[in-house]
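The structure appears right after this line, and notes come after that.
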Amino acid sequence: MSPIKVGLLGLGVVGGGTWKVLTQNADEIARRAGRRIEVVAVAVRDVQKARDLLGDSVSISTDGMDVVNNPDIDVVVELVGGETLAKDWIMRAIELGKHVVTANKALLAVHGNEIFAAAHNKGVMVAFEAAVAGGIPIIKAIREGLSANRIQWVAGIINGTTNFILSEMRSRGLSFEAALADAQKLGYAEADPTFDIEGVDAAHKLTLLSALAFGIPVQFSTAHIEGITSLAAEDIRHAERLGYTVKLLGITRHREEGIELRVHPTLVPTDSLLANVQGAMNAVMVHGDAVGSTVYYGAGAGELPTASAVVADLVDVARLMTADPEHRVPYLAFQQDAMADTPILPMAEVRSAYYLRLRVADQPGVLADVARILAQGKISIESMFQEPAQDGEADIIFLTHVAREGDIDQATAQIQQLPFVRSDLIRLRVESL
Ligand code: NDP
Ligand code: HSE
């Protein structure tokens, strides 16, 4: 069979890794795909840097549209990122009837519905395994391996940069800034690292996972997002004392009333699998009604692990490009005409256990007043402890049983009004999964 011809947009961390994997494993990949996969054109900004890596056999342009429009190309692989040029290139590729592979979760989480609809009309594939959890084949697992199940929830560590930062701060005592700089050097961070540390990148990925798990359209704008920038070292320390580790989790849960879609720092039991995921590694737990809980672990970012997912998508495209489009695996796991309109729940309706910390004047009746407000809000306390703070003040720390977030909001507002309260009430969610 003739080789499949690829146009590569971007030759940075992931694009460069994709070139390396396609080159070093070319024979093995051809044995799997049934034909060779050849990069014939590339778009970058710095032509000389690309020429040094690729040699003379590949045409190089600074205009991605040249590559997309090149009639020799069967598959466009978008590894530049962003939502503007990348969208134009992908929509044009689809218009020309070319298959697309992308690692661009930001684009798909926001414009995925439009892109998948256009691809469906044209009968082309849009594959995006690398967009979620780097090298872990989590999309394939949910879309194919778990297709017998009603999936009940998905939860995971899906941003390598923040997990790397939290791990380095904990194990090596690095500052937040030093750990972030290392993550950038290692190629884990997004072009705009605020996407990582503010939880936006994890929310992009969670939006895709939620759509894949529950057969709903992608709806990034409804995701609740909190990052790790306002996480205080003392809360990490108190959490440890209570037997928990703080991780940035993405959680999406199907409930009768609707779907939870949220990213935030979360206390997980220190002996749980997720608590022990270190560095830039990712782990995703998926709970299905038939299979129970399953866990997927591996490198969530970086050159070769992410390239592994991109090339796997290319192999899928090579295998399936001659198949009838109706018989391919649907983009979001469910048939395009069978998507559900289950609502995303507002945060007030989310149910979770909570860690609460409050600085108070250390005087009689304080605990009783706080406990009374929690009890009135139907919030049950699981455990608590007090730690002396500065002159005559103390920190009180509560762990609650599972409660409705709206009730926690109300109780927080009332507690905040108490005369002996000396700080904002800090609240972190706790998940035992
Ligand atoms: P990099 O910044 O390392 O690479 C971007 C590449 O795009 C560079 O080769 C750059 O060219 C090229 N480029 C930028 N702008 C243009 C333009 N206007 N025209 C043509 N080429 C352009 O990014 P990454 O490889 O890290 O990320 C790429 C995508 O993969 C993003 O969507 C990201 O979210 C996603 N991703 C990244 C992961 C990672 O671990 N890094 C993991 C999973 C997904 P030049 O080299 O000349 O500057
Ligand atoms: N910036 C992302 C991360 C890259 O740190 O996980 C992988 O998607």
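Every chain in the structure tokens takes a letter, A first, then B, and so on in the order presented; its residues are numbered from 1, and the ligands are numbered from 1 following the presented order.
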
Test item: residues lying within 6 Å of ligand 2 with only C-alpha atoms and all ligand atoms, as a list in words: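 Counting only what the definition allows, namely only C-alpha atoms and all ligand atoms, the set is Ala133, Gly134, Asn159, Gly160, Thr161, Tyr188, Ala189, Glu190, Asp196, Gly300 and Ala301 of chain A.
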
Please produce a file of the residues just selected, as a PDB file, in the first residue's frame, where the atoms kept are C-alpha atoms.
```pdb
ATOM      1  CA  ALA A 133      -3.510  13.030  29.772  1.00  0.00           C
ATOM      2  CA  GLY A 134      -0.608  12.995  27.295  1.00  0.00           C
ATOM      3  CA  ASN A 159      -2.420  18.407  34.458  1.00  0.00           C
ATOM      4  CA  GLY A 160       1.221  17.364  34.679  1.00  0.00           C
ATOM      5  CA  THR A 161       2.539  20.851  35.415  1.00  0.00           C
ATOM      6  CA  TYR A 188       5.220  20.283  30.353  1.00  0.00           C
ATOM      7  CA  ALA A 189       3.693  23.736  30.651  1.00  0.00           C
ATOM      8  CA  GLU A 190       1.329  25.353  28.175  1.00  0.00           C
ATOM      9  CA  ASP A 196      -1.889  25.151  33.953  1.00  0.00           C
ATOM     10  CA  GLY A 300       0.639  13.214  31.139  1.00  0.00           C
ATOM     11  CA  ALA A 301       2.928  15.596  29.284  1.00  0.00           C
TER      12      ALA A 301
END
```

Environment of ligand 1 within 8 Å, counting only C-alpha atoms and all ligand atoms, reported as number ranges by chain: A: 9-16, 43-47, 49-50, 61-64, 78-82, 85, 102-107, 130-134, 187-191, 201, 300-303, 305-306

Within 9 Å of Leu374 (chain A) using only C-alpha atoms, minus same-chain residues under 6 positions, as a PyMOL selection string: chain A and resi 380-381+407-408+411-412+415

Contacts of region 355-364 of chain A within 10 Å, only C-alpha atoms, excl. fewer than 3 positions in-chain, as a PyMOL selection string: chain A and resi 234-235+238-239+242+266-267+352+367-370+381-401+408+412+415-416+418-430

Coordinates-based distance that separates CA of Phe164 (chain A) from CA of Ala232 (chain A) (Å, one decimal):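 Distance between the two atoms: 16.7 Å.
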
Nearest to Val124 (chain A), chosen from A:Gly298, A:Pro330, A:Gly288, A:Pro71, with only C-alpha atoms counted in the distances: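 Going through A:Gly298, A:Pro330, A:Gly288, A:Pro71 one by one, the smallest distance to Val124 (chain A) is for A:Pro330.
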
Contacts of Val263 (chain A) within 12 Å, only C-alpha atoms, excl. fewer than 4 positions in-chain, as an NGL selection string: :A and (154-159 or 196-207 or 220 or 222-228 or 247-253 or 347 or 428-429)

For Asn121 (chain A), the nearest of the candidates A:Ile142, A:Leu96, A:Ala348, A:Ala307, counting only C-alpha atoms: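 Among the listed residues, the smallest separation from Asn121 (chain A) belongs to A:Leu96.
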
For CA of Val77 (chain A) and CA of Val310 (chain A), the interatomic separation in Å (one decimal):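 Taking CA of Val77 (chain A) and CA of Val310 (chain A), their separation equals 8.3 Å.
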
Minimum-distance residue to Leu209 (chain A), chosen among A:Lys140, A:Arg328, A:Arg237, A:Arg319 (using only C-alpha atoms):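 Using only C-alpha atoms, Leu209 (chain A) sits closest to A:Lys140.
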
Point-to-point distance in Å for CA of Val311 (chain A) and CA of Ala41 (chain A):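 CA of Ala41 (chain A) sits 16.2 Å away from CA of Val311 (chain A).
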